[in-house]
$ cat target-v2.cif   # mmCIF, C-alpha atoms
data_coords
#
loop_
_atom_site.label_atom_id
_atom_site.label_comp_id
_atom_site.auth_asym_id
_atom_site.auth_seq_id
_atom_site.Cartn_x
_atom_site.Cartn_y
_atom_site.Cartn_z
CA MET A 8 10.30 -21.55 27.77
CA SER A 9 12.44 -24.37 26.44
CA ASN A 10 11.71 -25.61 22.91
CA ASP A 11 12.81 -29.16 22.07
CA ILE A 12 12.24 -30.07 18.42
CA VAL A 13 12.00 -33.83 18.15
CA ASP A 14 12.00 -35.97 15.01
CA MET A 15 11.05 -39.58 15.73
CA ASP A 16 10.02 -41.67 12.76
CA ASN A 17 10.94 -45.17 13.95
CA ALA A 18 7.98 -47.15 15.27
CA ASN A 19 8.31 -48.97 18.57
CA GLY A 20 7.25 -52.61 18.41
CA TYR A 21 4.76 -53.85 21.00
CA ASN A 22 2.54 -56.81 21.74
CA ASP A 23 -1.22 -56.36 21.84
CA PRO A 24 -2.12 -55.44 25.44
CA VAL A 25 -5.23 -56.36 27.36
CA VAL A 26 -8.01 -53.83 26.76
CA GLU A 27 -11.38 -53.82 28.50
CA GLU A 28 -14.57 -51.94 27.65
CA ILE A 29 -15.98 -50.16 30.70
CA GLN A 30 -19.05 -48.14 31.64
CA ILE A 31 -19.16 -45.57 34.45
CA PRO A 32 -22.63 -44.60 35.71
CA VAL A 33 -23.67 -40.93 35.59
CA PRO A 34 -27.08 -39.40 36.42
CA TRP A 35 -28.18 -39.28 32.76
CA GLY A 36 -26.78 -42.69 31.71
CA HIS A 37 -23.16 -43.78 31.43
CA ILE A 38 -19.70 -42.81 30.28
CA SER A 39 -18.06 -45.47 28.11
CA GLY A 40 -14.36 -46.08 27.83
CA LYS A 41 -11.49 -48.43 27.13
CA TRP A 42 -9.10 -49.51 29.89
CA TRP A 43 -5.71 -50.48 28.49
CA GLY A 44 -3.35 -52.55 30.64
CA SER A 45 -3.38 -53.46 34.32
CA THR A 46 -6.57 -52.81 36.27
CA THR A 47 -4.73 -52.95 39.59
CA GLN A 48 -2.84 -49.70 38.95
CA GLN A 49 -4.34 -46.21 38.63
CA PRO A 50 -4.45 -45.27 34.94
CA ILE A 51 -3.73 -42.13 33.01
CA VAL A 52 -7.12 -40.72 31.98
CA ALA A 53 -7.04 -39.95 28.24
CA LEU A 54 -9.51 -37.41 26.85
CA HIS A 55 -10.15 -37.10 23.12
CA GLY A 56 -10.90 -34.13 20.89
CA TRP A 57 -14.18 -32.55 19.84
CA GLN A 58 -16.38 -35.00 17.90
CA ASP A 59 -13.70 -37.74 18.18
CA ASN A 60 -14.00 -40.60 20.66
CA ALA A 61 -11.96 -42.96 22.85
CA GLY A 62 -10.62 -44.63 19.70
CA SER A 63 -8.41 -41.57 19.27
CA PHE A 64 -5.89 -43.33 21.53
CA ASP A 65 -6.16 -46.83 20.02
CA ARG A 66 -2.67 -46.62 18.52
CA LEU A 67 -0.95 -44.62 21.25
CA ALA A 68 -2.31 -46.46 24.31
CA PRO A 69 -0.66 -49.82 23.48
CA MET A 70 2.72 -48.06 23.42
CA LEU A 71 2.16 -46.56 26.87
CA CYS A 72 0.12 -49.00 28.91
CA LYS A 73 2.94 -51.35 29.90
CA GLU A 74 4.48 -48.44 31.75
CA MET A 75 1.16 -47.11 33.04
CA PRO A 76 -2.44 -48.15 32.24
CA ILE A 77 -4.57 -45.88 30.07
CA LEU A 78 -8.28 -45.20 30.57
CA SER A 79 -9.59 -43.58 27.40
CA ILE A 80 -13.17 -42.37 27.75
CA ASP A 81 -15.88 -41.19 25.36
CA LEU A 82 -16.96 -37.72 26.47
CA PRO A 83 -20.74 -37.12 26.77
CA GLY A 84 -22.45 -37.27 23.39
CA HIS A 85 -19.44 -38.94 21.77
CA GLY A 86 -18.72 -42.57 20.92
CA PHE A 87 -20.64 -45.03 23.07
CA SER A 88 -21.33 -42.61 25.95
CA SER A 89 -24.85 -41.43 26.72
CA HIS A 90 -26.05 -38.23 25.11
CA HIS A 91 -27.15 -35.36 27.30
CA PRO A 92 -30.80 -35.36 28.35
CA GLU A 93 -33.31 -33.67 26.07
CA GLY A 94 -33.22 -29.90 26.29
CA GLN A 95 -29.73 -29.71 27.78
CA PHE A 96 -27.09 -27.69 25.94
CA TYR A 97 -23.50 -28.93 25.60
CA TYR A 98 -20.88 -26.60 27.06
CA MET A 99 -18.07 -28.84 25.93
CA PHE A 100 -15.24 -27.61 28.16
CA TRP A 101 -17.23 -27.40 31.37
CA ASP A 102 -19.13 -30.63 30.72
CA GLY A 103 -15.77 -32.38 30.41
CA VAL A 104 -14.43 -30.95 33.68
CA ILE A 105 -17.53 -32.09 35.53
CA VAL A 106 -17.42 -35.57 33.96
CA LEU A 107 -13.75 -35.85 34.86
CA ARG A 108 -14.57 -34.89 38.45
CA ARG A 109 -17.29 -37.56 38.56
CA LEU A 110 -14.73 -40.09 37.29
CA VAL A 111 -12.23 -39.17 40.01
CA LYS A 112 -14.93 -39.46 42.68
CA TYR A 113 -16.17 -42.77 41.26
CA TYR A 114 -12.73 -44.39 41.47
CA LYS A 115 -11.81 -42.54 44.71
CA TRP A 116 -8.50 -41.27 43.35
CA ASN A 117 -6.60 -38.76 45.47
CA LYS A 118 -4.73 -37.44 42.44
CA VAL A 119 -5.38 -37.91 38.74
CA LYS A 120 -3.02 -38.30 35.79
CA LEU A 121 -4.26 -36.62 32.60
CA LEU A 122 -3.57 -36.97 28.89
CA GLY A 123 -5.65 -34.81 26.58
CA HIS A 124 -5.79 -34.14 22.87
CA SER A 125 -7.41 -30.96 21.53
CA LEU A 126 -10.70 -30.56 23.45
CA GLY A 127 -9.43 -33.18 25.90
CA GLY A 128 -6.30 -31.13 26.50
CA ALA A 129 -8.37 -28.00 27.12
CA ILE A 130 -10.54 -29.91 29.61
CA SER A 131 -7.43 -31.23 31.35
CA PHE A 132 -6.05 -27.68 31.56
CA LEU A 133 -9.23 -26.42 33.22
CA TYR A 134 -9.32 -29.40 35.59
CA GLY A 135 -5.67 -28.89 36.55
CA ALA A 136 -6.38 -25.24 37.31
CA SER A 137 -9.64 -25.96 39.15
CA PHE A 138 -8.13 -28.69 41.34
CA PRO A 139 -4.43 -27.74 41.38
CA ASP A 140 -3.51 -29.98 44.32
CA GLU A 141 -5.28 -33.04 42.93
CA VAL A 142 -3.47 -33.55 39.62
CA ASP A 143 -0.25 -35.56 39.45
CA PHE A 144 0.65 -34.61 35.90
CA LEU A 145 -0.93 -33.22 32.74
CA ILE A 146 0.08 -34.10 29.18
CA SER A 147 -1.49 -31.96 26.46
CA LEU A 148 -1.39 -32.83 22.75
CA ASP A 149 -1.47 -29.94 20.24
CA ILE A 150 -3.37 -27.57 22.50
CA VAL A 151 -2.62 -25.62 25.65
CA SER A 152 -6.00 -24.28 26.79
CA PRO A 153 -9.51 -23.64 25.51
CA SER A 154 -9.11 -21.74 22.25
CA VAL A 155 -8.95 -18.04 23.01
CA LYS A 156 -11.81 -16.24 21.30
CA ASN A 157 -12.46 -12.59 20.53
CA PRO A 158 -15.42 -11.58 22.76
CA LYS A 159 -17.03 -9.75 19.82
CA THR A 160 -16.99 -12.96 17.75
CA VAL A 161 -18.54 -14.95 20.60
CA ALA A 162 -21.32 -12.40 20.93
CA GLU A 163 -22.01 -12.46 17.21
CA ILE A 164 -22.50 -16.25 16.97
CA THR A 165 -24.70 -16.69 20.05
CA GLY A 166 -28.14 -16.22 18.51
CA ASN A 167 -27.36 -18.40 15.50
CA PHE A 168 -26.03 -21.21 17.70
CA ILE A 169 -29.09 -21.15 19.94
CA ASP A 170 -31.42 -21.46 16.95
CA LYS A 171 -29.31 -24.30 15.52
CA PHE A 172 -29.38 -26.08 18.88
CA ILE A 173 -33.18 -25.98 18.95
CA LYS A 174 -33.22 -27.32 15.38
CA TYR A 175 -30.83 -30.16 16.16
CA GLU A 176 -32.63 -31.24 19.33
CA SER A 177 -35.84 -31.74 17.37
CA LEU A 178 -34.23 -34.28 15.02
CA THR A 179 -35.43 -37.87 15.32
CA LEU A 180 -33.43 -40.91 14.27
CA GLU A 181 -35.44 -40.97 11.05
CA ASP A 182 -34.31 -37.38 10.33
CA VAL A 183 -30.61 -38.06 10.82
CA PRO A 184 -28.82 -38.81 7.52
CA SER A 185 -27.41 -42.30 7.08
CA TYR A 186 -24.66 -43.41 4.71
CA GLN A 187 -22.96 -46.46 3.34
CA TYR A 188 -19.64 -47.14 5.03
CA ASN A 189 -17.35 -45.88 2.26
CA ASP A 190 -19.40 -42.73 1.86
CA MET A 191 -19.21 -42.14 5.59
CA LEU A 192 -15.43 -42.48 5.54
CA LYS A 193 -15.25 -39.97 2.69
CA ILE A 194 -17.33 -37.48 4.69
CA VAL A 195 -15.08 -37.94 7.72
CA LEU A 196 -11.87 -37.49 5.75
CA GLU A 197 -13.18 -34.32 4.10
CA ALA A 198 -14.35 -32.92 7.45
CA TYR A 199 -10.94 -33.46 9.04
CA ASN A 200 -9.30 -31.73 6.08
CA GLY A 201 -6.10 -33.79 5.99
CA SER A 202 -5.64 -34.13 9.76
CA ILE A 203 -6.30 -37.90 9.75
CA THR A 204 -5.45 -40.75 7.40
CA LYS A 205 -8.01 -43.21 6.04
CA SER A 206 -6.88 -45.88 8.51
CA SER A 207 -7.22 -43.36 11.36
CA ALA A 208 -10.75 -42.53 10.17
CA GLU A 209 -11.58 -46.24 10.23
CA ILE A 210 -10.42 -46.42 13.85
CA LEU A 211 -12.56 -43.46 14.90
CA MET A 212 -15.60 -44.86 13.11
CA LYS A 213 -15.49 -48.06 15.20
CA ARG A 214 -17.08 -45.96 17.94
CA GLY A 215 -18.27 -43.11 15.78
CA MET A 216 -21.08 -44.78 13.86
CA GLN A 217 -24.14 -46.92 14.49
CA PRO A 218 -26.19 -49.15 12.14
CA GLY A 219 -29.04 -47.32 10.42
CA HIS A 220 -32.56 -48.55 9.75
CA THR A 221 -31.62 -49.55 6.20
CA PRO A 222 -29.27 -52.56 5.99
CA GLY A 223 -25.76 -51.50 4.96
CA PHE A 224 -26.27 -47.89 6.05
CA HIS A 225 -24.88 -46.14 9.13
CA TYR A 226 -25.32 -42.85 10.94
CA PHE A 227 -22.92 -40.89 13.11
CA SER A 228 -23.30 -41.90 16.74
CA ARG A 229 -22.25 -38.53 18.17
CA ASP A 230 -24.97 -36.14 19.30
CA PRO A 231 -25.78 -33.56 16.55
CA ARG A 232 -26.08 -30.93 19.29
CA LEU A 233 -22.30 -31.07 19.70
CA LYS A 234 -22.00 -29.03 16.49
CA VAL A 235 -23.10 -25.93 18.40
CA SER A 236 -21.38 -26.63 21.73
CA THR A 237 -18.87 -23.77 21.50
CA LEU A 238 -20.79 -21.17 23.48
CA GLY A 239 -19.13 -20.18 26.74
CA MET A 240 -15.68 -19.78 25.16
CA LEU A 241 -13.02 -17.93 27.12
CA SER A 242 -11.18 -14.68 26.53
CA LEU A 243 -7.41 -14.45 27.04
CA ASP A 244 -7.57 -12.79 30.46
CA VAL A 245 -9.71 -15.62 31.85
CA VAL A 246 -7.48 -18.30 30.30
CA MET A 247 -4.39 -16.65 31.80
CA ALA A 248 -5.99 -16.67 35.24
CA TYR A 249 -6.51 -20.41 34.95
CA ALA A 250 -2.98 -20.94 33.58
CA GLY A 251 -1.51 -19.41 36.72
CA ARG A 252 -3.05 -22.23 38.76
CA VAL A 253 -1.66 -25.25 36.85
CA LYS A 254 0.91 -26.42 39.41
CA CYS A 255 1.31 -30.07 38.42
CA ALA A 256 4.05 -31.57 36.26
CA TYR A 257 3.24 -30.51 32.71
CA LEU A 258 4.14 -31.71 29.21
CA ASN A 259 2.94 -29.98 26.05
CA ILE A 260 3.52 -31.67 22.67
CA ARG A 261 2.85 -29.32 19.78
CA ALA A 262 2.33 -30.76 16.30
CA CYS A 263 3.85 -28.90 13.36
CA PRO A 264 1.98 -27.69 11.40
CA GLY A 265 -0.74 -29.02 13.74
CA MET A 266 -3.93 -27.15 14.51
CA LYS A 267 -4.58 -23.60 13.33
CA PHE A 268 -5.84 -21.29 16.06
CA ASP A 269 -7.79 -18.02 15.82
CA ASN A 270 -5.22 -16.34 18.06
CA PRO A 271 -2.03 -18.40 17.70
CA GLU A 272 0.07 -15.94 19.71
CA SER A 273 -1.86 -16.89 22.85
CA TYR A 274 -0.41 -20.43 22.78
CA LYS A 275 3.03 -19.26 23.95
CA LEU A 276 1.59 -16.72 26.37
CA VAL A 277 -0.38 -19.42 28.17
CA LEU A 278 2.57 -21.83 28.16
CA ASP A 279 4.83 -19.17 29.65
CA GLU A 280 2.35 -18.63 32.47
CA ILE A 281 2.13 -22.37 33.18
CA GLU A 282 5.92 -22.66 33.19
CA LYS A 283 6.10 -20.10 36.02
CA VAL A 284 4.07 -22.27 38.40
CA SER A 285 4.41 -25.86 37.15
CA LYS A 286 6.58 -28.07 39.33
CA ARG A 287 8.07 -29.68 36.19
CA PHE A 288 7.60 -28.28 32.71
CA ARG A 289 8.47 -29.48 29.22
CA TYR A 290 7.46 -28.29 25.76
CA CYS A 291 8.22 -30.27 22.59
CA GLU A 292 7.46 -29.88 18.90
CA ILE A 293 7.07 -32.81 16.50
CA GLU A 294 6.26 -33.01 12.83
CA GLY A 295 2.68 -33.97 12.07
CA THR A 296 -0.94 -32.94 11.78
CA HIS A 297 -3.30 -32.14 14.63
CA HIS A 298 -3.94 -35.90 14.97
CA VAL A 299 -0.28 -36.97 14.91
CA HIS A 300 -0.87 -39.10 18.04
CA LEU A 301 -3.33 -41.21 16.02
CA ASN A 302 -1.60 -41.13 12.63
CA SER A 303 2.00 -41.53 13.88
CA PRO A 304 1.94 -42.47 17.57
CA GLU A 305 5.56 -43.62 17.45
CA ARG A 306 6.53 -39.93 17.34
CA VAL A 307 4.54 -39.13 20.48
CA ALA A 308 4.95 -42.20 22.71
CA PRO A 309 8.68 -41.83 23.52
CA LEU A 310 8.16 -38.26 24.73
CA ILE A 311 5.33 -39.32 27.03
CA LEU A 312 7.21 -42.35 28.36
CA GLU A 313 10.26 -40.23 29.15
CA PHE A 314 8.08 -37.70 30.94
CA ILE A 315 6.11 -40.14 33.11
CA LYS A 316 9.22 -42.05 34.19
CA HIS A 317 10.67 -38.98 35.92
#
$ encode --input "target-v2.cif" --output "structure tokens"
Amino acid sequence: MSNDIVDMDNANGYNDPVVEEIQIPVPWGHISGKWWGSTTQQPIVALHGWQDNAGSFDRLAPMLCKEMPILSIDLPGHGFSSHHPEGQFYYMFWDGVIVLRRLVKYYKWNKVKLLGHSLGGAISFLYGASFPDEVDFLISLDIVSPSVKNPKTVAEITGNFIDKFIKYESLTLEDVPSYQYNDMLKIVLEAYNGSITKSSAEILMKRGMQPGHTPGFHYFSRDPRLKVSTLGMLSLDVVMAYAGRVKCAYLNIRACPGMKFDNPESYKLVLDEIEKVSKRFRYCEIEGTHHVHLNSPERVAPLILEFIKH
């Protein structure tokens, strides 16, 4: 596996592109998104991380969309997209694969181009493995696959997560805490534990909050049930089986120090398996946090542009 360490600190200048809010119908409501650039050309579908939203690409998309349009969507329960129906659990990886398939069918694309960060990268990985002949390329930011979990740990958390799910689904809007804007930003920054800057938090909150009943107060727009959506995680043997089916052109951009994983050694194992079957493979490392694409997109954009031009 090649390992290109890239240090790019100079921002690329760009003019504000055309961006359009869209809604895609699904059986339980709609999927919201932002379409950056030309609407006459098939876009790269950009998928955000867990409890983020389409705003995750607000700084990166303008640097890419002159070369190729970007369609950044809010996954179910995130941003402006509809929440799951009452009583339905979130299985965040599989929900994303199914939503992505609905998107492809809706637009009648023969092949799809994917860009995913964190959860979005894991979803893209599973989609690329599930439909190996229907993906043009896959670009993954600071993740390679669904996080590999110890089966014992998964078994231990199951009962607790089910009880929490039932608790969360009974919450009404009156039960959900609301905050003043600055307090909400503080909560977000503490939750991300240094991964995002204040300005990045402000971008995410454009789609991540809704006005509360009390003037001047807001609540988080994401579905509280997402907090317990990590059941159905995969063990290494299952992940490796999927990795052996990712045949498309593949770019992995790893942030350093980036995200901390429960089993960090599996990252390289999965990449090595993808490299065996991918028609074009590249792995790069750049300095930054897990959200480097949002905090410092000028470090990420040149790598993506170089990759998609080949």
$ resolve_selection --input "target-v2.cif" --expression "the PyMOL selection byres ((chain A and resi 150-152) around 6)" --output "number ranges by chain"
A: 125, 129, 132, 148-149, 153
$ resolve_selection --input "target-v2.cif" --expression "the PyMOL selection byres ((chain A and resi 44-50) around 10)" --output "CSV table (one decimal) with C-alpha atoms, keeping the file's coordinate frame"
chain,number,residue,atom,x,y,z
A,23,ASP,CA,-1.2,-56.4,21.8
A,24,PRO,CA,-2.1,-55.4,25.4
A,25,VAL,CA,-5.2,-56.4,27.4
A,26,VAL,CA,-8.0,-53.8,26.8
A,27,GLU,CA,-11.4,-53.8,28.5
A,41,LYS,CA,-11.5,-48.4,27.1
A,42,TRP,CA,-9.1,-49.5,29.9
A,43,TRP,CA,-5.7,-50.5,28.5
A,51,ILE,CA,-3.7,-42.1,33.0
A,52,VAL,CA,-7.1,-40.7,32.0
A,53,ALA,CA,-7.0,-40.0,28.2
A,68,ALA,CA,-2.3,-46.5,24.3
A,69,PRO,CA,-0.7,-49.8,23.5
A,71,LEU,CA,2.2,-46.6,26.9
A,72,CYS,CA,0.1,-49.0,28.9
A,73,LYS,CA,2.9,-51.4,29.9
A,74,GLU,CA,4.5,-48.4,31.8
A,75,MET,CA,1.2,-47.1,33.0
A,76,PRO,CA,-2.4,-48.2,32.2
A,77,ILE,CA,-4.6,-45.9,30.1
A,78,LEU,CA,-8.3,-45.2,30.6
A,79,SER,CA,-9.6,-43.6,27.4
A,114,TYR,CA,-12.7,-44.4,41.5
A,116,TRP,CA,-8.5,-41.3,43.4
A,118,LYS,CA,-4.7,-37.4,42.4
A,119,VAL,CA,-5.4,-37.9,38.7
A,120,LYS,CA,-3.0,-38.3,35.8
A,121,LEU,CA,-4.3,-36.6,32.6
$ residues_around --input "target-v2.cif" --residues "Leu82 in chain A" --least-positions-apart "2" --cutoff "12 Å" --atoms "all atoms listed in the file" --output "PyMOL selection string"
chain A and resi 30-31+33+37-40+52-63+79-80+84-91+97-107+110+123+126-127+130+214+229-230+233
$ write_last_selection --input "target-v2.cif" --atoms "C-alpha atoms" --output "CSV table (one decimal), in the frame of the given file"
chain,number,residue,atom,x,y,z
A,30,GLN,CA,-19.0,-48.1,31.6
A,31,ILE,CA,-19.2,-45.6,34.4
A,33,VAL,CA,-23.7,-40.9,35.6
A,37,HIS,CA,-23.2,-43.8,31.4
A,38,ILE,CA,-19.7,-42.8,30.3
A,39,SER,CA,-18.1,-45.5,28.1
A,40,GLY,CA,-14.4,-46.1,27.8
A,52,VAL,CA,-7.1,-40.7,32.0
A,53,ALA,CA,-7.0,-40.0,28.2
A,54,LEU,CA,-9.5,-37.4,26.8
A,55,HIS,CA,-10.2,-37.1,23.1
A,56,GLY,CA,-10.9,-34.1,20.9
A,57,TRP,CA,-14.2,-32.6,19.8
A,58,GLN,CA,-16.4,-35.0,17.9
A,59,ASP,CA,-13.7,-37.7,18.2
A,60,ASN,CA,-14.0,-40.6,20.7
A,61,ALA,CA,-12.0,-43.0,22.8
A,62,GLY,CA,-10.6,-44.6,19.7
A,63,SER,CA,-8.4,-41.6,19.3
A,79,SER,CA,-9.6,-43.6,27.4
A,80,ILE,CA,-13.2,-42.4,27.8
A,84,GLY,CA,-22.4,-37.3,23.4
A,85,HIS,CA,-19.4,-38.9,21.8
A,86,GLY,CA,-18.7,-42.6,20.9
A,87,PHE,CA,-20.6,-45.0,23.1
A,88,SER,CA,-21.3,-42.6,26.0
A,89,SER,CA,-24.8,-41.4,26.7
A,90,HIS,CA,-26.0,-38.2,25.1
A,91,HIS,CA,-27.2,-35.4,27.3
A,97,TYR,CA,-23.5,-28.9,25.6
A,98,TYR,CA,-20.9,-26.6,27.1
A,99,MET,CA,-18.1,-28.8,25.9
A,100,PHE,CA,-15.2,-27.6,28.2
A,101,TRP,CA,-17.2,-27.4,31.4
A,102,ASP,CA,-19.1,-30.6,30.7
A,103,GLY,CA,-15.8,-32.4,30.4
A,104,VAL,CA,-14.4,-31.0,33.7
A,105,ILE,CA,-17.5,-32.1,35.5
A,106,VAL,CA,-17.4,-35.6,34.0
A,107,LEU,CA,-13.8,-35.8,34.9
A,110,LEU,CA,-14.7,-40.1,37.3
A,123,GLY,CA,-5.6,-34.8,26.6
A,126,LEU,CA,-10.7,-30.6,23.4
A,127,GLY,CA,-9.4,-33.2,25.9
A,130,ILE,CA,-10.5,-29.9,29.6
A,214,ARG,CA,-17.1,-46.0,17.9
A,229,ARG,CA,-22.2,-38.5,18.2
A,230,ASP,CA,-25.0,-36.1,19.3
A,233,LEU,CA,-22.3,-31.1,19.7
$ closest_residue --input "target-v2.cif" --among "A:Gly295, A:Pro92, A:Pro271, A:Pro304" --to "Gly36 in chain A" --atoms "all atoms listed in the file"
A:Pro92
$ resolve_selection --input "target-v2.cif" --expression "the PyMOL selection byres ((chain A and resi 270) around 8)" --output "list in words"
Ser154, Val155, Lys156, Phe268, Asp269, Pro271, Glu272, Ser273 and Tyr274 of chain A
$ residues_around --input "target-v2.cif" --residues "range 245-250 of chain A" --least-positions-apart "6" --cutoff "6 Å" --atoms "all atoms listed in the file" --output "list in words"
Ala136, Glu280 and Ile281 of chain A
$ closest_residue --input "target-v2.cif" --among "A:Tyr199, A:Phe288, A:Tyr175, A:Tyr188" --to "Gln95 in chain A" --atoms "only C-alpha atoms"
A:Tyr175
$ residues_around --input "target-v2.cif" --residues "His298 in chain A" --least-positions-apart "4" --cutoff "7 Å" --atoms "all atoms listed in the file" --output "PyMOL selection string"
chain A and resi 202-203+302
$ closest_residue --input "target-v2.cif" --among "A:Phe227, A:Met240, A:Pro34, A:Glu181" --to "Thr160 in chain A" --atoms "only C-alpha atoms"
A:Met240
$ atom_distance --input "target-v2.cif" --atom1 "CA of Leu192 in chain A" --atom2 "CA of Gln217 in chain A"
13.3 Å
$ closest_residue --input "target-v2.cif" --among "A:Gly219, A:Asp170, A:Lys213, A:Ser131" --to "Gln187 in chain A" --atoms "only C-alpha atoms"
A:Gly219
$ residues_near_point --input "target-v2.cif" --point "(2.1, -20.9, 34.3)" --cutoff "8 Å" --atoms "all atoms listed in the file" --output "list in words"
Ala250, Gly251, Arg252, Val253, Lys254, Val277, Leu278, Asp279, Glu280, Ile281, Glu282, Lys283, Val284 and Ser285 of chain A
$ write_last_selection --input "target-v2.cif" --atoms "C-alpha atoms" --output "short mmCIF file (atom, residue, chain, number, x, y, z; two decimals), in the frame of the given file"
data_model
loop_
_atom_site.label_atom_id
_atom_site.label_comp_id
_atom_site.auth_asym_id
_atom_site.auth_seq_id
_atom_site.Cartn_x
_atom_site.Cartn_y
_atom_site.Cartn_z
CA ALA A 250 -2.98 -20.94 33.58
CA GLY A 251 -1.51 -19.41 36.72
CA ARG A 252 -3.05 -22.23 38.76
CA VAL A 253 -1.66 -25.25 36.85
CA LYS A 254 0.91 -26.42 39.41
CA VAL A 277 -0.38 -19.42 28.17
CA LEU A 278 2.57 -21.83 28.16
CA ASP A 279 4.83 -19.17 29.65
CA GLU A 280 2.35 -18.63 32.47
CA ILE A 281 2.13 -22.37 33.18
CA GLU A 282 5.92 -22.66 33.19
CA LYS A 283 6.10 -20.10 36.02
CA VAL A 284 4.07 -22.27 38.40
CA SER A 285 4.41 -25.86 37.15
#
$ decode --input "target-v2.cif" --residues "range 77-125 of chain A" --atoms "C-alpha atoms" --output "mmCIF file, in the first residue's frame"
data_model
loop_
_atom_site.group_PDB
_atom_site.id
_atom_site.type_symbol
_atom_site.label_atom_id
_atom_site.label_comp_id
_atom_site.auth_asym_id
_atom_site.auth_seq_id
_atom_site.Cartn_x
_atom_site.Cartn_y
_atom_site.Cartn_z
ATOM 1 C CA ILE A 77 -21.497 18.016 -5.638
ATOM 2 C CA LEU A 78 -24.776 16.762 -4.182
ATOM 3 C CA SER A 79 -24.452 16.816 -0.402
ATOM 4 C CA ILE A 80 -27.410 15.199 1.342
ATOM 5 C CA ASP A 81 -28.733 15.080 4.900
ATOM 6 C CA LEU A 82 -28.996 11.426 5.912
ATOM 7 C CA PRO A 83 -32.301 10.337 7.522
ATOM 8 C CA GLY A 84 -32.812 11.964 10.909
ATOM 9 C CA HIS A 85 -30.104 14.553 10.233
ATOM 10 C CA GLY A 86 -30.286 18.175 9.110
ATOM 11 C CA PHE A 87 -33.446 18.983 7.177
ATOM 12 C CA SER A 88 -34.245 15.386 6.154
ATOM 13 C CA SER A 89 -37.293 13.584 7.525
ATOM 14 C CA HIS A 90 -36.880 11.521 10.655
ATOM 15 C CA HIS A 91 -37.694 7.832 10.560
ATOM 16 C CA PRO A 92 -41.303 6.887 11.264
ATOM 17 C CA GLU A 93 -42.315 6.305 14.869
ATOM 18 C CA GLY A 94 -41.155 2.978 16.219
ATOM 19 C CA GLN A 95 -38.434 2.455 13.619
ATOM 20 C CA PHE A 96 -34.872 1.954 14.810
ATOM 21 C CA TYR A 97 -31.912 3.586 13.045
ATOM 22 C CA TYR A 98 -29.318 1.157 11.720
ATOM 23 C CA MET A 99 -27.118 3.963 10.513
ATOM 24 C CA PHE A 100 -24.903 2.104 8.022
ATOM 25 C CA TRP A 101 -27.646 0.088 6.373
ATOM 26 C CA ASP A 102 -30.129 2.971 6.359
ATOM 27 C CA GLY A 103 -27.555 5.002 4.454
ATOM 28 C CA VAL A 104 -26.948 2.286 1.858
ATOM 29 C CA ILE A 105 -30.672 1.980 1.208
ATOM 30 C CA VAL A 106 -31.128 5.771 0.975
ATOM 31 C CA LEU A 107 -28.204 5.973 -1.427
ATOM 32 C CA ARG A 108 -29.789 3.254 -3.562
ATOM 33 C CA ARG A 109 -33.075 5.177 -3.601
ATOM 34 C CA LEU A 110 -31.148 8.266 -4.724
ATOM 35 C CA VAL A 111 -29.491 6.393 -7.590
ATOM 36 C CA LYS A 112 -32.848 5.002 -8.714
ATOM 37 C CA TYR A 113 -34.514 8.408 -8.420
ATOM 38 C CA TYR A 114 -31.986 10.082 -10.715
ATOM 39 C CA LYS A 115 -31.631 6.972 -12.949
ATOM 40 C CA TRP A 116 -27.835 6.945 -12.737
ATOM 41 C CA ASN A 117 -26.033 3.941 -14.203
ATOM 42 C CA LYS A 118 -23.000 4.542 -12.015
ATOM 43 C CA VAL A 119 -22.548 6.727 -8.955
ATOM 44 C CA LYS A 120 -19.612 8.819 -7.751
ATOM 45 C CA LEU A 121 -19.201 8.835 -3.958
ATOM 46 C CA LEU A 122 -17.508 11.085 -1.420
ATOM 47 C CA GLY A 123 -17.983 10.163 2.225
ATOM 48 C CA HIS A 124 -16.730 11.428 5.550
ATOM 49 C CA SER A 125 -16.791 9.191 8.633
#
